[in-house]
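File shown here: data04.pdb, holding PDB, C-alpha atoms.
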```pdb
ATOM      1  CA  MET A   1     144.442  59.477  90.937
ATOM      2  CA  PRO A   2     142.105  56.486  90.452
ATOM      3  CA  THR A   3     142.699  54.167  87.541
ATOM      4  CA  ARG A   4     139.756  53.230  85.337
ATOM      5  CA  ALA A   5     139.452  49.875  87.123
ATOM      6  CA  GLU A   6     139.607  51.538  90.538
ATOM      7  CA  LEU A   7     136.975  54.069  89.575
ATOM      8  CA  ARG A   8     134.716  51.322  88.237
ATOM      9  CA  GLU A   9     135.007  49.549  91.581
ATOM     10  CA  HIS A  10     134.209  52.793  93.392
ATOM     11  CA  LEU A  11     131.147  53.473  91.221
ATOM     12  CA  LEU A  12     129.704  50.092  92.128
ATOM     13  CA  ALA A  13     130.712  50.226  95.806
ATOM     14  CA  VAL A  14     128.944  53.522  96.553
ATOM     15  CA  ARG A  15     126.093  52.919  94.075
ATOM     16  CA  LEU A  16     126.928  55.742  91.720
ATOM     17  CA  ALA A  17     126.442  53.049  89.080
ATOM     18  CA  GLY A  18     125.301  49.466  89.118
ATOM     19  CA  VAL A  19     122.188  49.167  91.271
ATOM     20  CA  VAL A  20     121.419  52.783  92.196
ATOM     21  CA  GLY A  21     119.154  54.546  94.645
ATOM     22  CA  THR A  22     116.778  55.912  92.009
ATOM     23  CA  SER A  23     113.697  53.731  91.752
ATOM     24  CA  ARG A  24     112.317  52.262  88.564
ATOM     25  CA  GLU A  25     108.955  53.812  89.400
ATOM     26  CA  ARG A  26     110.513  57.291  89.582
ATOM     27  CA  SER A  27     112.327  56.828  86.276
ATOM     28  CA  LEU A  28     109.235  55.568  84.445
ATOM     29  CA  ARG A  29     107.198  58.471  85.821
ATOM     30  CA  SER A  30     109.762  60.894  84.382
ATOM     31  CA  TYR A  31     109.545  59.174  80.983
ATOM     32  CA  ARG A  32     105.754  59.473  81.024
ATOM     33  CA  LEU A  33     105.935  63.165  81.904
ATOM     34  CA  PHE A  34     108.532  63.826  79.204
ATOM     35  CA  ALA A  35     106.478  62.000  76.588
ATOM     36  CA  ALA A  36     103.518  64.202  77.592
ATOM     37  CA  ARG A  37     105.742  67.313  77.172
ATOM     38  CA  ASP A  38     105.393  68.239  80.833
ATOM     39  CA  PRO A  39     107.783  71.156  81.586
ATOM     40  CA  ARG A  40     108.775  69.459  84.853
ATOM     41  CA  ALA A  41     110.443  66.728  82.800
ATOM     42  CA  LEU A  42     111.539  68.786  79.771
ATOM     43  CA  ILE A  43     113.610  71.148  82.021
ATOM     44  CA  GLY A  44     114.492  73.440  79.145
ATOM     45  CA  ILE A  45     114.674  71.023  76.219
ATOM     46  CA  ASP A  46     112.333  71.529  73.264
ATOM     47  CA  PRO A  47     112.599  68.101  71.634
ATOM     48  CA  GLU A  48     112.473  67.773  67.861
ATOM     49  CA  GLY A  49     111.265  64.167  67.814
ATOM     50  CA  PRO A  50     107.986  62.752  69.120
ATOM     51  CA  TRP A  51     109.670  60.723  71.923
ATOM     52  CA  SER A  52     107.036  58.318  73.166
ATOM     53  CA  GLN A  53     107.508  56.590  76.494
ATOM     54  CA  ARG A  54     108.707  53.479  74.651
ATOM     55  CA  ASP A  55     111.223  55.582  72.689
ATOM     56  CA  LEU A  56     112.540  57.088  75.914
ATOM     57  CA  LEU A  57     112.881  53.708  77.581
ATOM     58  CA  ALA A  58     114.889  52.433  74.614
ATOM     59  CA  LEU A  59     117.088  55.557  74.683
ATOM     60  CA  MET A  60     117.755  55.256  78.405
ATOM     61  CA  ALA A  61     118.592  51.573  77.990
ATOM     62  CA  ARG A  62     121.208  52.511  75.361
ATOM     63  CA  ARG A  63     122.653  55.506  77.182
ATOM     64  CA  CYS A  64     122.388  54.387  80.823
ATOM     65  CA  GLY A  65     121.929  50.645  80.804
ATOM     66  CA  VAL A  66     118.499  50.579  82.448
ATOM     67  CA  SER A  67     116.268  47.629  81.628
ATOM     68  CA  ALA A  68     114.559  48.032  78.253
ATOM     69  CA  ASP A  69     111.717  45.748  79.359
ATOM     70  CA  PRO A  70     108.530  47.835  79.843
ATOM     71  CA  ARG A  71     107.197  45.077  82.094
ATOM     72  CA  HIS A  72     109.925  45.881  84.614
ATOM     73  CA  THR A  73     108.056  48.519  86.632
ATOM     74  CA  SER A  74     109.390  48.410  90.199
ATOM     75  CA  GLY A  75     112.504  48.131  92.294
ATOM     76  CA  PRO A  76     115.821  49.967  92.027
ATOM     77  CA  ASP A  77     117.080  51.186  88.680
ATOM     78  CA  VAL A  78     120.447  50.274  87.151
ATOM     79  CA  ILE A  79     123.283  52.193  85.476
ATOM     80  CA  ASP A  80     125.947  50.364  83.504
ATOM     81  CA  PRO A  81     129.338  51.465  84.942
ATOM     82  CA  GLU A  82     130.989  51.002  81.545
ATOM     83  CA  ARG A  83     128.644  53.601  80.078
ATOM     84  CA  THR A  84     129.478  55.926  82.978
ATOM     85  CA  LEU A  85     133.211  55.504  82.404
ATOM     86  CA  ALA A  86     132.939  56.023  78.648
ATOM     87  CA  ALA A  87     130.929  59.210  79.175
ATOM     88  CA  LEU A  88     133.382  60.454  81.798
ATOM     89  CA  ASP A  89     136.182  60.035  79.243
ATOM     90  CA  ALA A  90     134.231  62.117  76.704
ATOM     91  CA  PHE A  91     133.382  64.655  79.421
ATOM     92  CA  ALA A  92     137.069  64.947  80.341
ATOM     93  CA  GLU A  93     138.005  65.496  76.704
ATOM     94  CA  ARG A  94     135.656  68.497  76.538
ATOM     95  CA  ILE A  95     137.255  69.870  79.712
ATOM     96  CA  HIS A  96     140.711  69.368  78.158
ATOM     97  CA  GLU A  97     139.693  71.159  74.970
ATOM     98  CA  VAL A  98     138.297  74.216  76.736
ATOM     99  CA  ALA A  99     141.344  74.377  79.011
ATOM    100  CA  GLY A 100     143.630  74.294  75.978
ATOM    101  CA  ARG A 101     141.835  77.319  74.528
ATOM    102  CA  GLY A 102     141.690  79.162  77.842
ATOM    103  CA  ALA A 103     138.023  79.671  77.040
ATOM    104  CA  PRO A 104     135.371  81.084  79.411
ATOM    105  CA  VAL A 105     133.196  78.516  81.174
ATOM    106  CA  LEU A 106     130.014  78.567  83.239
ATOM    107  CA  PHE A 107     129.236  76.047  85.969
ATOM    108  CA  GLY A 108     125.800  75.531  87.531
ATOM    109  CA  THR A 109     124.029  72.883  89.549
ATOM    110  CA  GLY A 110     120.523  72.018  90.654
ATOM    111  CA  HIS A 111     122.046  69.559  93.154
ATOM    112  CA  PRO A 112     124.242  71.811  95.317
ATOM    113  CA  GLN A 113     124.028  69.576  98.376
ATOM    114  CA  ARG A 114     125.470  66.654  96.398
ATOM    115  CA  LEU A 115     127.382  67.917  93.362
ATOM    116  CA  LEU A 116     128.794  71.310  94.321
ATOM    117  CA  GLY A 117     132.189  69.829  95.226
ATOM    118  CA  PHE A 118     132.453  67.919  91.954
ATOM    119  CA  TYR A 119     131.941  71.038  89.843
ATOM    120  CA  ALA A 120     133.978  73.287  92.140
ATOM    121  CA  GLY A 121     137.010  71.040  91.737
ATOM    122  CA  LEU A 122     136.734  71.331  87.965
ATOM    123  CA  ALA A 123     136.191  75.095  88.175
ATOM    124  CA  ASP A 124     139.321  75.501  90.309
ATOM    125  CA  ALA A 125     141.395  73.505  87.818
ATOM    126  CA  LEU A 126     140.093  75.386  84.782
ATOM    127  CA  SER A 127     140.673  78.717  86.478
ATOM    128  CA  ALA A 128     144.261  77.679  87.237
ATOM    129  CA  ALA A 129     144.627  76.702  83.556
ATOM    130  CA  GLY A 130     143.712  80.227  82.466
ATOM    131  CA  CYS A 131     139.974  79.892  81.817
ATOM    132  CA  GLU A 132     137.632  82.578  83.076
ATOM    133  CA  VAL A 133     134.999  80.967  85.306
ATOM    134  CA  LEU A 134     131.990  83.214  84.757
ATOM    135  CA  THR A 135     129.626  84.453  87.482
ATOM    136  CA  PRO A 136     126.983  86.534  85.662
ATOM    137  CA  ALA A 137     123.798  87.789  87.360
ATOM    138  CA  GLN A 138     125.071  87.061  90.873
ATOM    139  CA  GLY A 139     122.422  88.074  93.394
ATOM    140  CA  ARG A 140     119.660  88.279  90.775
ATOM    141  CA  CYS A 141     116.188  87.248  91.980
ATOM    142  CA  ILE A 142     114.468  84.518  89.949
ATOM    143  CA  ASP A 143     110.838  83.405  90.229
ATOM    144  CA  ILE A 144     110.602  79.640  89.738
ATOM    145  CA  LEU A 145     107.411  77.600  89.623
ATOM    146  CA  THR A 146     107.751  74.644  92.027
ATOM    147  CA  ARG A 147     105.370  71.986  93.291
ATOM    148  CA  PHE A 148     104.753  74.364  96.214
ATOM    149  CA  GLY A 149     103.822  77.258  93.895
ATOM    150  CA  LEU A 150     105.813  80.222  92.634
ATOM    151  CA  ARG A 151     108.928  80.773  94.730
ATOM    152  CA  THR A 152     111.559  83.501  94.544
ATOM    153  CA  TYR A 153     115.199  82.440  94.770
ATOM    154  CA  ASP A 154     118.526  84.254  94.631
ATOM    155  CA  LEU A 155     121.135  83.270  92.038
ATOM    156  CA  ASP A 156     124.472  82.827  93.800
ATOM    157  CA  TYR A 157     127.913  81.367  93.149
ATOM    158  CA  VAL A 158     130.008  79.206  95.442
ATOM    159  CA  ARG A 159     133.597  78.550  94.313
ATOM    160  CA  GLY A 160     132.563  79.533  90.806
ATOM    161  CA  VAL A 161     129.511  77.256  90.673
ATOM    162  CA  ALA A 162     126.057  78.779  90.214
ATOM    163  CA  LEU A 163     123.109  77.675  92.338
ATOM    164  CA  VAL A 164     119.894  79.107  93.695
ATOM    165  CA  ARG A 165     119.183  79.849  97.342
ATOM    166  CA  GLU A 166     116.223  80.815  99.474
ATOM    167  CA  PRO A 167     116.349  84.597 100.028
ATOM    168  CA  GLY A 168     118.445  85.358 103.108
ATOM    169  CA  ALA A 169     119.772  81.788 103.309
ATOM    170  CA  VAL A 170     123.465  82.777 103.276
ATOM    171  CA  ARG A 171     124.712  82.156 106.799
ATOM    172  CA  PRO A 172     127.522  80.177 108.466
ATOM    173  CA  GLY A 173     126.668  76.490 108.364
ATOM    174  CA  GLY A 174     123.665  77.104 106.139
ATOM    175  CA  GLU A 175     122.598  74.937 103.220
ATOM    176  CA  PRO A 176     124.670  75.527 100.071
ATOM    177  CA  GLY A 177     121.511  75.962  97.994
ATOM    178  CA  VAL A 178     118.248  74.333  96.949
ATOM    179  CA  HIS A 179     117.462  71.452  94.648
ATOM    180  CA  SER A 180     116.153  72.735  91.312
ATOM    181  CA  HIS A 181     115.421  71.393  87.840
ATOM    182  CA  SER A 182     114.533  74.753  86.337
ATOM    183  CA  PRO A 183     116.271  76.127  83.216
ATOM    184  CA  LEU A 184     115.441  79.716  84.286
ATOM    185  CA  PRO A 185     118.681  80.284  86.251
ATOM    186  CA  VAL A 186     120.927  79.521  83.271
ATOM    187  CA  ARG A 187     118.752  81.645  80.990
ATOM    188  CA  VAL A 188     119.047  84.568  83.424
ATOM    189  CA  ALA A 189     122.811  84.069  83.741
ATOM    190  CA  LEU A 190     123.370  83.901  79.980
ATOM    191  CA  GLU A 191     121.127  86.895  79.330
ATOM    192  CA  ALA A 192     123.040  88.922  81.931
ATOM    193  CA  ALA A 193     126.364  87.946  80.374
ATOM    194  CA  ALA A 194     125.128  89.039  76.947
ATOM    195  CA  GLU A 195     123.693  92.318  78.248
ATOM    196  CA  CYS A 196     127.004  93.369  79.779
ATOM    197  CA  GLY A 197     128.913  92.586  76.593
ATOM    198  CA  GLY A 198     130.247  89.182  77.552
ATOM    199  CA  PRO A 199     132.246  87.144  77.628
ATOM    200  CA  LEU A 200     129.832  84.319  76.936
ATOM    201  CA  PRO A 201     130.737  80.774  77.955
ATOM    202  CA  GLU A 202     132.208  78.437  75.374
ATOM    203  CA  LEU A 203     131.206  75.553  77.636
ATOM    204  CA  VAL A 204     128.455  75.175  80.254
ATOM    205  CA  VAL A 205     128.967  72.409  82.803
ATOM    206  CA  GLY A 206     126.280  71.222  85.181
ATOM    207  CA  ASP A 207     123.093  69.211  85.479
ATOM    208  CA  HIS A 208     119.317  69.472  85.150
ATOM    209  CA  GLY A 209     118.125  72.783  83.698
ATOM    210  CA  TRP A 210     121.647  74.228  83.549
ATOM    211  CA  VAL A 211     122.609  71.761  80.820
ATOM    212  CA  CYS A 212     119.249  71.577  79.049
ATOM    213  CA  GLY A 213     118.622  75.311  79.127
ATOM    214  CA  ALA A 214     122.094  76.167  77.841
ATOM    215  CA  GLY A 215     122.093  73.467  75.177
ATOM    216  CA  GLN A 216     118.688  74.534  73.879
ATOM    217  CA  LEU A 217     120.058  78.065  73.450
ATOM    218  CA  GLY A 218     122.961  76.800  71.356
ATOM    219  CA  PHE A 219     125.744  76.742  73.949
ATOM    220  CA  GLU A 220     127.930  73.666  74.241
ATOM    221  CA  ALA A 221     126.811  71.908  77.418
ATOM    222  CA  ILE A 222     127.978  68.820  79.292
ATOM    223  CA  GLY A 223     126.894  67.321  82.586
ATOM    224  CA  LEU A 224     125.713  64.534  84.833
ATOM    225  CA  ALA A 225     122.271  62.911  84.844
ATOM    226  CA  ASP A 226     120.410  60.191  86.688
ATOM    227  CA  THR A 227     118.069  57.570  85.240
ATOM    228  CA  ASP A 228     115.078  59.839  85.956
ATOM    229  CA  ASP A 229     116.543  62.732  83.905
ATOM    230  CA  PRO A 230     115.635  61.759  80.319
ATOM    231  CA  ALA A 231     115.779  65.375  79.065
ATOM    232  CA  LEU A 232     119.574  65.506  79.089
ATOM    233  CA  PHE A 233     119.869  62.243  77.176
ATOM    234  CA  VAL A 234     117.282  63.391  74.627
ATOM    235  CA  GLY A 235     119.291  66.583  74.244
ATOM    236  CA  GLU A 236     122.416  64.501  73.661
ATOM    237  CA  ALA A 237     120.625  62.257  71.149
ATOM    238  CA  GLU A 238     119.324  65.287  69.224
ATOM    239  CA  GLY A 239     122.660  67.093  69.293
ATOM    240  CA  CYS A 240     122.009  70.085  71.533
ATOM    241  CA  VAL A 241     123.858  68.578  74.519
ATOM    242  CA  SER A 242     127.416  67.382  73.952
ATOM    243  CA  VAL A 243     128.038  64.824  76.712
ATOM    244  CA  VAL A 244     125.882  63.352  79.470
ATOM    245  CA  VAL A 245     127.406  61.135  82.163
ATOM    246  CA  PRO A 246     124.899  58.605  83.557
ATOM    247  CA  VAL A 247     125.336  58.496  87.323
ATOM    248  CA  ASP A 248     123.230  58.553  90.476
ATOM    249  CA  ASP A 249     123.088  62.260  91.327
ATOM    250  CA  ALA A 250     121.964  61.940  94.943
ATOM    251  CA  VAL A 251     124.623  60.023  96.866
ATOM    252  CA  ARG A 252     126.960  61.578  99.442
ATOM    253  CA  SER A 253     128.961  64.511  98.111
ATOM    254  CA  ALA A 254     132.254  62.900  99.119
ATOM    255  CA  TYR A 255     131.570  59.965  96.793
ATOM    256  CA  TYR A 256     132.000  62.225  93.740
ATOM    257  CA  ARG A 257     135.575  63.232  94.634
ATOM    258  CA  PRO A 258     137.179  60.292  92.812
ATOM    259  CA  LEU A 259     135.185  61.324  89.709
ATOM    260  CA  THR A 260     136.677  64.820  89.912
ATOM    261  CA  ARG A 261     140.193  63.398  90.210
ATOM    262  CA  TYR A 262     139.587  60.983  87.326
ATOM    263  CA  VAL A 263     138.235  63.720  85.039
ATOM    264  CA  LEU A 264     141.138  66.041  85.841
ATOM    265  CA  LYS A 265     143.615  63.264  85.156
ATOM    266  CA  ARG A 266     141.992  62.415  81.827
ATOM    267  CA  ALA A 267     141.819  66.140  80.979
ATOM    268  CA  ARG A 268     145.552  66.474  81.724
ATOM    269  CA  LEU A 269     144.832  68.985  84.476
ATOM    270  CA  SER A 270     146.018  66.934  87.448
ATOM    271  CA  GLN A 271     148.008  68.742  90.108
TER     272      GLN A 271
END
```
Is it possible to express this structure as structure tokens?
Amino acid sequence: MPTRAELREHLLAVRLAGVVGTSRERSLRSYRLFAARDPRALIGIDPEGPWSQRDLLALMARRCGVSADPRHTSGPDVIDPERTLAALDAFAERIHEVAGRGAPVLFGTGHPQRLLGFYAGLADALSAAGCEVLTPAQGRCIDILTRFGLRTYDLDYVRGVALVREPGAVRPGGEPGVHSHSPLPVRVALEAAAECGGPLPELVVGDHGWVCGAGQLGFEAIGLADTDDPALFVGEAEGCVSVVVPVDDAVRSAYYRPLTRYVLKRARLSQ
């Protein structure tokens, strides 16, 4: 299991934190869209505050460590590894608490190619600890508006982690799922769980619309977010999201394994 110092070194070495792959231009564009209340950036959050672009930049500087200088408009963005580590500790504490109660949990990701293994490791550990890992609405069709128009996807679960796939995409060696920011999948999953009489999750773990959509509906939600995902950090600042871990969400999937081991160790769920 990595120590805190070893994990910090790993974060910087593989660019999960420090200088990351997300560009400053991409982050600033997301802040502009969020400030304009564009659904592509809100991803399920209905913010209470006005949240101007300047407000968002200041928030992301506090929560992630990006530059607060609005004149800095190009180049790679930055995540402070100390903020990542502190958030991972808080994230692990939530995992520990839900494990101690044996409470039902729901996992979902909009980054299945990158983050599926991270969440699946946590789902396996919580299941072994006596938590029910929920899989509501499996196989349900969901229409999601994308930049390519309205597309129909299937809600599926892999090792207890929800994701959306292209219809008919399940095949040996096929992609684990598609990249999505939409909050519709978590809304469909939660509605299905309620319709069948529960149980409902006491904790939702994921990213993008899975966290924002669940948090906006009043479910405790925790997850990971990049510098171009201001919605999760706004949700955290306004109290509808419990914990957000600032981290590059698009590096190789293997690079997240030490994070899984660290969280499980801090959550007292290590094998």
Hits from the PyMOL selection byres ((chain A and resi 10-19) around 10), listed as a VMD selection string: chain A and resid 2 4 to 9 20 to 23 64 to 66 75 to 85 226 246 to 252 255 to 256 258 to 259
For this file, the PyMOL selection byres ((chain A and resi 37) around 12) selects which residues, as a PDB file with C-alpha atoms, in the coordinates of the input?
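Saved to out_16.pdb:
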```pdb
ATOM      1  CA  SER A  30     109.762  60.894  84.382  1.00  0.00           C
ATOM      2  CA  TYR A  31     109.545  59.174  80.983  1.00  0.00           C
ATOM      3  CA  ARG A  32     105.754  59.473  81.024  1.00  0.00           C
ATOM      4  CA  LEU A  33     105.935  63.165  81.904  1.00  0.00           C
ATOM      5  CA  PHE A  34     108.532  63.826  79.204  1.00  0.00           C
ATOM      6  CA  ALA A  35     106.478  62.000  76.588  1.00  0.00           C
ATOM      7  CA  ALA A  36     103.518  64.202  77.592  1.00  0.00           C
ATOM      8  CA  ASP A  38     105.393  68.239  80.833  1.00  0.00           C
ATOM      9  CA  PRO A  39     107.783  71.156  81.586  1.00  0.00           C
ATOM     10  CA  ARG A  40     108.775  69.459  84.853  1.00  0.00           C
ATOM     11  CA  ALA A  41     110.443  66.728  82.800  1.00  0.00           C
ATOM     12  CA  LEU A  42     111.539  68.786  79.771  1.00  0.00           C
ATOM     13  CA  ILE A  43     113.610  71.148  82.021  1.00  0.00           C
ATOM     14  CA  GLY A  44     114.492  73.440  79.145  1.00  0.00           C
ATOM     15  CA  ILE A  45     114.674  71.023  76.219  1.00  0.00           C
ATOM     16  CA  ASP A  46     112.333  71.529  73.264  1.00  0.00           C
ATOM     17  CA  PRO A  47     112.599  68.101  71.634  1.00  0.00           C
ATOM     18  CA  GLU A  48     112.473  67.773  67.861  1.00  0.00           C
ATOM     19  CA  GLY A  49     111.265  64.167  67.814  1.00  0.00           C
ATOM     20  CA  PRO A  50     107.986  62.752  69.120  1.00  0.00           C
ATOM     21  CA  TRP A  51     109.670  60.723  71.923  1.00  0.00           C
ATOM     22  CA  SER A  52     107.036  58.318  73.166  1.00  0.00           C
ATOM     23  CA  GLN A  53     107.508  56.590  76.494  1.00  0.00           C
ATOM     24  CA  PRO A 230     115.635  61.759  80.319  1.00  0.00           C
ATOM     25  CA  ALA A 231     115.779  65.375  79.065  1.00  0.00           C
TER      26      ALA A 231
END
```
Set the distance at 12 Å and use all atoms listed in the file: which residues neighbour Ile144 in chain A once local chain neighbours fewer than 6 positions away are removed? I'd like the list as a PyMOL selection string. chain A and resi 40+43+150-155+164-166+178-185+188+209
Using CA of Asp156 in chain A and CA of Ser253 in chain A as the two end points, give the distance in Å to one decimal.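 These atoms are spaced 19.3 Å apart.
Checking A:Ala221, A:Val105, A:Ala58, A:Val263 one by one against Gly130 in chain A, counting only C-alpha atoms, you find the shortest gap at A:Val105.
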Of the listed residues A:Phe148, A:Phe219, A:Phe91, A:Phe233, that which approaches Pro201 in chain A most closely, counting all atoms listed in the file: A:Phe219
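CA of Ala120 in chain A sits 17.8 Å away from CA of Glu93 in chain A.
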Of the candidates A:Val243, A:Leu106, A:Leu122, A:Ala137, which one gets nearest to Ala192 in chain A if we count only C-alpha atoms?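 Of the candidates, the smallest distance to Ala192 in chain A is held by A:Ala137.
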Please evaluate the PyMOL selection byres ((chain A and resi 101) around 12) against the displayed coordinates and give the resulting residues as a list in words. Arg94, Ile95, His96, Glu97, Val98, Ala99, Gly100, Gly102, Ala103, Pro104, Val105, Leu126, Ala129, Gly130, Cys131, Glu132, Glu202 and Leu203 of chain A
